[in-house]
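Chemist: Input file: structure-v4.pdb. Contents: PDB, C-alpha atoms and all ligand atoms.
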ATOM      1  CA  MET A   1       0.000   0.000   0.000
ATOM      2  CA  THR A   2       1.430   3.375  -0.961
ATOM      3  CA  HIS A   3       0.759   6.334   1.265
ATOM      4  CA  PRO A   4       0.181   9.854  -0.024
ATOM      5  CA  THR A   5       3.382  11.633   0.889
ATOM      6  CA  ASP A   6       1.558  14.902   1.626
ATOM      7  CA  LEU A   7       0.082  13.346   4.803
ATOM      8  CA  ILE A   8       3.269  11.803   6.158
ATOM      9  CA  SER A   9       4.214  14.998   7.958
ATOM     10  CA  VAL A  10       1.693  17.440   9.435
ATOM     11  CA  SER A  11       2.203  20.364  11.805
ATOM     12  CA  TYR A  12      -0.151  21.217  14.660
ATOM     13  CA  ASP A  13      -0.756  23.761  17.364
ATOM     14  CA  GLU A  14      -1.460  22.332  20.813
ATOM     15  CA  LEU A  15      -3.525  25.294  22.029
ATOM     16  CA  THR A  16      -5.871  25.608  19.038
ATOM     17  CA  ALA A  17      -5.713  21.978  17.787
ATOM     18  CA  ASN A  18      -5.249  23.406  14.305
ATOM     19  CA  LEU A  19      -3.574  21.075  11.825
ATOM     20  CA  SER A  20      -1.902  22.046   8.583
ATOM     21  CA  LYS A  21      -3.937  19.334   6.804
ATOM     22  CA  GLY A  22      -6.999  17.197   7.447
ATOM     23  CA  LYS A  23     -10.790  17.044   7.371
ATOM     24  CA  ILE A  24     -12.551  19.410   9.759
ATOM     25  CA  VAL A  25     -15.824  18.623  11.527
ATOM     26  CA  GLU A  26     -17.435  21.280  13.724
ATOM     27  CA  ARG A  27     -20.319  20.618  16.087
ATOM     28  CA  ARG A  28     -22.539  23.461  17.222
ATOM     29  CA  LEU A  29     -24.677  23.327  20.345
ATOM     30  CA  SER A  30     -27.955  22.946  18.408
ATOM     31  CA  GLU A  31     -26.636  19.840  16.590
ATOM     32  CA  ILE A  32     -25.707  17.966  19.749
ATOM     33  CA  ARG A  33     -28.485  19.175  22.055
ATOM     34  CA  ASP A  34     -29.729  15.620  22.683
ATOM     35  CA  SER A  35     -26.314  14.640  24.024
ATOM     36  CA  PHE A  36     -27.003  16.748  27.107
ATOM     37  CA  LEU A  37     -28.885  15.729  30.233
ATOM     38  CA  ASN A  38     -31.260  18.718  29.990
ATOM     39  CA  PRO A  39     -31.551  19.930  26.372
ATOM     40  CA  ASP A  40     -34.425  22.222  27.423
ATOM     41  CA  LEU A  41     -31.912  24.380  29.293
ATOM     42  CA  ILE A  42     -30.325  25.274  25.919
ATOM     43  CA  ASP A  43     -33.537  27.072  24.896
ATOM     44  CA  LYS A  44     -33.358  29.124  28.085
ATOM     45  CA  MET A  45     -29.755  30.219  27.570
ATOM     46  CA  PRO A  46     -29.502  34.020  27.440
ATOM     47  CA  THR A  47     -27.998  34.148  23.969
ATOM     48  CA  ASP A  48     -29.299  33.737  20.448
ATOM     49  CA  GLU A  49     -25.948  32.418  19.358
ATOM     50  CA  ASP A  50     -25.327  28.817  18.517
ATOM     51  CA  PRO A  51     -21.752  28.348  19.739
ATOM     52  CA  ILE A  52     -19.307  25.792  18.405
ATOM     53  CA  VAL A  53     -18.919  23.211  21.174
ATOM     54  CA  TYR A  54     -16.085  21.271  19.567
ATOM     55  CA  ARG A  55     -14.074  20.784  16.405
ATOM     56  CA  VAL A  56     -12.127  17.736  15.205
ATOM     57  CA  THR A  57      -9.584  17.623  12.399
ATOM     58  CA  ALA A  58      -8.959  14.093  11.148
ATOM     59  CA  VAL A  59      -5.993  12.879   9.139
ATOM     60  CA  GLU A  60      -6.574   9.705   7.128
ATOM     61  CA  PRO A  61      -3.346   8.939   5.282
ATOM     62  CA  SER A  62      -4.445   5.528   3.994
ATOM     63  CA  ASN A  63      -7.103   2.842   4.442
ATOM     64  CA  GLY A  64      -5.237  -0.422   4.122
ATOM     65  CA  THR A  65      -4.913  -3.238   6.653
ATOM     66  CA  GLY A  66      -2.750  -2.033   9.522
ATOM     67  CA  ASP A  67      -3.110   1.649   8.695
ATOM     68  CA  LEU A  68      -3.898   4.303  11.299
ATOM     69  CA  HIS A  69      -6.008   7.445  11.318
ATOM     70  CA  TYR A  70      -5.709  10.219  13.873
ATOM     71  CA  GLY A  71      -7.391  13.424  14.866
ATOM     72  CA  LEU A  72      -6.927  16.520  16.946
ATOM     73  CA  GLY A  73      -9.888  17.767  18.928
ATOM     74  CA  ILE A  74     -10.726  21.012  20.698
ATOM     75  CA  ILE A  75     -13.664  21.336  23.072
ATOM     76  CA  TYR A  76     -14.467  24.892  24.099
ATOM     77  CA  PRO A  77     -15.259  25.683  27.737
ATOM     78  CA  GLY A  78     -18.923  25.945  28.609
ATOM     79  CA  LYS A  79     -21.847  24.276  30.331
ATOM     80  CA  VAL A  80     -25.507  23.468  29.842
ATOM     81  CA  GLY A  81     -26.834  23.849  33.370
ATOM     82  CA  PRO A  82     -24.369  21.883  35.528
ATOM     83  CA  GLU A  83     -23.177  19.699  32.627
ATOM     84  CA  TYR A  84     -19.896  20.529  30.927
ATOM     85  CA  PHE A  85     -19.481  20.863  27.154
ATOM     86  CA  LEU A  86     -18.832  17.434  25.659
ATOM     87  CA  THR A  87     -18.500  15.427  22.456
ATOM     88  CA  LYS A  88     -21.378  13.338  21.106
ATOM     89  CA  GLY A  89     -19.473  10.157  21.848
ATOM     90  CA  HIS A  90     -19.475   6.912  19.921
ATOM     91  CA  LEU A  91     -18.588   3.258  19.707
ATOM     92  CA  HIS A  92     -16.369   2.160  16.862
ATOM     93  CA  GLN A  93     -18.162   0.372  14.017
ATOM     94  CA  ALA A  94     -15.432  -2.243  14.205
ATOM     95  CA  ARG A  95     -16.226  -2.856  17.866
ATOM     96  CA  GLU A  96     -12.927  -4.525  18.774
ATOM     97  CA  THR A  97     -10.811  -1.526  17.754
ATOM     98  CA  ALA A  98      -9.144   0.484  20.506
ATOM     99  CA  GLU A  99      -7.881   4.074  20.525
ATOM    100  CA  VAL A 100      -5.230   6.110  22.370
ATOM    101  CA  TYR A 101      -5.904   9.699  23.450
ATOM    102  CA  ILE A 102      -3.244  12.166  24.577
ATOM    103  CA  GLY A 103      -4.191  15.410  26.321
ATOM    104  CA  LEU A 104      -2.441  18.448  24.805
ATOM    105  CA  SER A 105      -3.830  21.406  26.770
ATOM    106  CA  GLY A 106      -6.592  22.244  29.188
ATOM    107  CA  GLU A 107      -8.482  20.099  31.683
ATOM    108  CA  GLY A 108     -11.051  17.422  31.173
ATOM    109  CA  TYR A 109     -12.101  13.817  31.362
ATOM    110  CA  MET A 110     -13.092  10.911  29.189
ATOM    111  CA  LEU A 111     -16.251   9.013  29.954
ATOM    112  CA  LEU A 112     -15.749   5.359  29.060
ATOM    113  CA  GLU A 113     -18.662   2.914  29.032
ATOM    114  CA  ASN A 114     -18.143  -0.773  28.306
ATOM    115  CA  GLU A 115     -21.002  -1.849  26.044
ATOM    116  CA  LYS A 116     -21.082  -5.383  27.485
ATOM    117  CA  THR A 117     -20.705  -4.826  31.230
ATOM    118  CA  LEU A 118     -22.009  -1.202  31.180
ATOM    119  CA  GLU A 119     -19.183  -0.382  33.599
ATOM    120  CA  THR A 120     -18.384   3.355  33.435
ATOM    121  CA  ARG A 121     -15.084   5.072  34.122
ATOM    122  CA  MET A 122     -14.231   8.765  34.325
ATOM    123  CA  GLU A 123     -10.562   9.144  33.366
ATOM    124  CA  PRO A 124      -8.641  12.431  33.463
ATOM    125  CA  LEU A 125      -7.597  13.818  30.080
ATOM    126  CA  GLY A 126      -5.579  17.015  30.142
ATOM    127  CA  LYS A 127      -2.058  18.074  29.344
ATOM    128  CA  GLY A 128       0.298  15.255  30.347
ATOM    129  CA  GLN A 129      -2.351  12.539  30.422
ATOM    130  CA  ILE A 130      -2.894   9.516  28.190
ATOM    131  CA  VAL A 131      -6.080   7.449  28.065
ATOM    132  CA  TYR A 132      -6.313   4.030  26.441
ATOM    133  CA  VAL A 133      -9.826   3.341  25.168
ATOM    134  CA  PRO A 134     -10.289  -0.427  24.861
ATOM    135  CA  GLY A 135     -12.479  -2.008  22.191
ATOM    136  CA  HIS A 136     -16.234  -2.293  22.821
ATOM    137  CA  THR A 137     -16.097   0.943  24.805
ATOM    138  CA  ALA A 138     -18.237   3.989  24.117
ATOM    139  CA  HIS A 139     -16.159   7.131  24.619
ATOM    140  CA  ARG A 140     -16.997  10.780  25.138
ATOM    141  CA  THR A 141     -14.677  13.677  26.016
ATOM    142  CA  VAL A 142     -15.651  16.461  28.417
ATOM    143  CA  ASN A 143     -14.049  19.873  29.040
ATOM    144  CA  THR A 144     -14.235  20.599  32.769
ATOM    145  CA  GLY A 145     -11.901  23.601  32.707
ATOM    146  CA  ASP A 146     -12.274  27.265  31.821
ATOM    147  CA  LYS A 147      -9.962  27.086  28.785
ATOM    148  CA  PRO A 148     -10.219  24.962  25.642
ATOM    149  CA  LEU A 149      -9.375  21.286  26.066
ATOM    150  CA  THR A 150      -7.265  19.945  23.196
ATOM    151  CA  TYR A 151      -6.286  16.340  22.553
ATOM    152  CA  PHE A 152      -4.861  13.892  20.037
ATOM    153  CA  GLY A 153      -6.467  10.512  19.299
ATOM    154  CA  VAL A 154      -5.141   7.677  17.112
ATOM    155  CA  TYR A 155      -7.166   4.655  15.993
ATOM    156  CA  PRO A 156      -7.131   1.877  13.387
ATOM    157  CA  ALA A 157      -8.143   3.047   9.914
ATOM    158  CA  ASN A 158     -11.042   0.571   9.869
ATOM    159  CA  ALA A 159     -12.492   1.702  13.252
ATOM    160  CA  GLY A 160     -15.367   3.801  11.897
ATOM    161  CA  HIS A 161     -17.845   5.738  14.066
ATOM    162  CA  ASP A 162     -21.151   4.360  15.295
ATOM    163  CA  TYR A 163     -23.130   7.236  16.811
ATOM    164  CA  GLY A 164     -26.488   5.457  16.617
ATOM    165  CA  ALA A 165     -26.090   2.905  19.375
ATOM    166  CA  ILE A 166     -25.123   5.413  22.056
ATOM    167  CA  GLY A 167     -27.231   8.220  20.602
ATOM    168  CA  LYS A 168     -30.458   6.297  21.171
ATOM    169  CA  ARG A 169     -30.105   5.946  24.916
ATOM    170  CA  ASN A 170     -27.126   8.209  25.674
ATOM    171  CA  PHE A 171     -24.386   7.360  28.200
ATOM    172  CA  LEU A 172     -25.616   5.932  31.497
ATOM    173  CA  LYS A 173     -23.619   8.477  33.525
ATOM    174  CA  VAL A 174     -23.002  12.210  33.250
ATOM    175  CA  ILE A 175     -20.143  14.464  34.354
ATOM    176  CA  VAL A 176     -21.589  17.530  36.067
ATOM    177  CA  GLU A 177     -20.294  20.287  38.295
ATOM    178  CA  GLU A 178     -21.190  19.668  41.915
ATOM    179  CA  ASN A 179     -19.765  21.758  44.753
ATOM    180  CA  GLY A 180     -17.427  23.298  42.176
ATOM    181  CA  LYS A 181     -15.962  19.933  41.142
ATOM    182  CA  PRO A 182     -16.467  17.564  38.174
ATOM    183  CA  THR A 183     -18.595  14.718  39.510
ATOM    184  CA  LEU A 184     -19.792  11.452  37.943
ATOM    185  CA  LYS A 185     -23.507  10.845  38.465
ATOM    186  CA  ASP A 186     -26.248   8.575  37.157
ATOM    187  CA  ARG A 187     -28.207  10.117  34.282
TER     188      ARG A 187
HETATM  189  C1  LIG B   1     -12.305   9.101  16.716
HETATM  190  C2  LIG B   1     -11.948   9.742  18.015
HETATM  191  C3  LIG B   1     -12.087  11.267  18.108
HETATM  192  C4  LIG B   1     -13.547  11.762  18.107
HETATM  193  C5  LIG B   1     -13.672  13.195  18.596
HETATM  194  C6  LIG B   1     -15.083  13.756  18.491
HETATM  195  O1  LIG B   1     -12.355   7.705  16.840
HETATM  196  O2  LIG B   1     -12.587   9.106  19.099
HETATM  197  O3  LIG B   1     -11.358  11.892  17.116
HETATM  198  O4  LIG B   1     -14.111  11.625  16.831
HETATM  199  O5  LIG B   1     -13.276  13.245  19.933
HETATM  200  O6  LIG B   1     -16.013  12.952  19.120
HETATM  201  P1  LIG B   1     -17.263  12.378  18.351
HETATM  202  O7  LIG B   1     -17.936  11.468  19.339
HETATM  203  O8  LIG B   1     -18.114  13.519  17.911
HETATM  204  O9  LIG B   1     -16.723  11.622  17.154
HETATM  205 ZN    ZN B   2     -13.198   6.906  18.740
END
Could you render the structure from this file as structure tokens?

Modeler:
Amino acid sequence: MTHPTDLISVSYDELTANLSKGKIVERRLSEIRDSFLNPDLIDKMPTDEDPIVYRVTAVEPSNGTGDLHYGLGIIYPGKVGPEYFLTKGHLHQARETAEVYIGLSGEGYMLLENEKTLETRMEPLGKGQIVYVPGHTAHRTVNTGDKPLTYFGVYPANAGHDYGAIGKRNFLKVIVEENGKPTLKDR
């Protein structure tokens, strides 16, 4: 398998998660309203704006067996009620595929939910932290700080995204601010 040489080397900025190349996906609050515990609170927010909650730039150099894709993400600071800004979250279409995340700047957590045991973990993801997401694990990233959270994630090229399974019922647990601290609670 030959790889396009223009994607062998890419530069990035750890504070903005901007990449010199890649496919950009932006998610605004209105698009992911059902990811939140209380979407009705969005309608009551004192602004007519529809802010960008997060942006991901993905680099997909090749799609052969053994190839890898990666992305840089930025989640802006913000909350809907007590719940911090978050990503939609997904399982991989190829359920057995794992992923490694590396925190680049800011403060946050990953919510990991095993689809078989339904066990949930809340793992720190900020600058200096690495999270291994095993296969069969729904994953969502949450910005619990007051600055953007940026991160790098690398995954097998065949992983794919399955938003449907988790989108239907959402994650079983939420990360909300309680007594000024990020806290894991039942939905
Ligand atoms: C891809 C990887 C990340 C997410 C990104 C946005 O496997 O896990 O690049 O795509 O964090 O989350 P989501 O749930 O909107 O894809
Ligand atoms: Zn993933």

Chemist: Let me know the residues the PyMOL selection byres (((not hetatm)) within 12 of (chain B and resi 2)) catches in the file above, as a ChimeraX atom specification.

Modeler: /A:56,58,69-73,87-101,110-112,131-141,152-163

Chemist: Padding of 6 Å on every side, edges along x, y and z, all listed atoms of ligand LIG 1 (chain B) included: what centre and edge lengths in Å, to one decimal, does that box have, as lines of an AutoDock Vina configuration file?

Modeler:
center_x = -14.7
center_y = 10.7
center_z = 18.3
size_x = 18.8
size_y = 18.1
size_z = 15.2

Chemist: Do you have the CA of Asp43 (chain A)-CA of Gly108 (chain A) distance handy?

Modeler: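 Separating CA of Asp43 (chain A) from CA of Gly108 (chain A) is a distance of 25.3 Å.
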
Chemist: Mind pulling up the distance from CA of Asn143 (chain A) to CA of Met122 (chain A)?

Modeler: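 Computing the Euclidean distance for CA of Met122 (chain A) and CA of Asn143 (chain A) yields 12.3 Å.
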
Chemist: Would you please work out which residue, of A:Val176, A:Ile166, A:Ile102, A:Leu125, is nearest to Gly81 (chain A) when using all atoms listed in the file?

Modeler: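 Closest to Gly81 (chain A) of all the choices is A:Val176.
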
Chemist: If you measure from CA of Gly106 (chain A) to CA of Lys147 (chain A), what distance in Å do you get, rounded to one decimal?

Modeler: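 A separation of 5.9 Å between them.
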
Chemist: Do a neighbour search on region 22-32 of chain A at 6 Å with only C-alpha atoms, toss out local chain neighbours closer than 5 positions, and write the hits as a VMD selection string.

Modeler: chain A and resid 50 to 59

Chemist: For the file shown, what are the residues hit by the PyMOL selection byres (((chain A and resi 144) around 8) and not hetatm), laid out as a list of chain:residue names?

Modeler: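 Against this file, the PyMOL selection byres (((chain A and resi 144) around 8) and not hetatm) returns the residues A:Pro77, A:Tyr84, A:Phe85, A:Glu107, A:Gly108, A:Tyr109, A:Val142, A:Asn143, A:Gly145, A:Asp146, A:Pro182.
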
Chemist: Within 12 Å of Asp13 (chain A), counting all atoms listed in the file, which residues show up once you throw out same-chain ones fewer than 2 positions away? Write them as a PyMOL selection string, please.

Modeler: chain A and resi 10-11+15-21+57+72-74+104-105+150-152

Chemist: Choose the residue, out of A:Gly64, A:Gly164, A:Pro82, A:Pro39, that has the smallest atom-to-atom separation from ligand LIG 1 (chain B); count all atoms listed in the file.

Modeler: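 Between A:Gly64, A:Gly164, A:Pro82, A:Pro39, the residue approaching ligand LIG 1 (chain B) most closely is A:Gly164.
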
Chemist: Pick from A:Ile42, A:Leu172, A:Ile8, A:Ile75: nearest to Arg187 (chain A), with all atoms listed in the file counted?

Modeler: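 Using all atoms listed in the file, the shortest distance to Arg187 (chain A) belongs to A:Leu172.
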
Chemist: Go through A:Asn170, A:Gln129, A:Ser9, A:Thr183 one by one, measure the shortest atom-to-atom distance of each to ligand LIG 1 (chain B) using all atoms listed in the file, and give the residue with the smallest value.

Modeler: A:Asn170

Chemist: Which residue, A:Glu83, A:Glu60, A:Glu115, A:Asp186, has the smallest gap to ligand LIG 1 (chain B) when you use only C-alpha atoms and all ligand atoms?

Modeler: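 Result for the nearest residue to ligand LIG 1 (chain B): A:Glu60.
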
Chemist: Check the smallest atom-to-atom distance from each of A:Leu86, A:Asp6, A:Leu184, A:Pro124 to ligand LIG 1 (chain B) using all atoms listed in the file, then report the winner.

Modeler: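 Smallest separation from ligand LIG 1 (chain B) among the options: A:Leu86.
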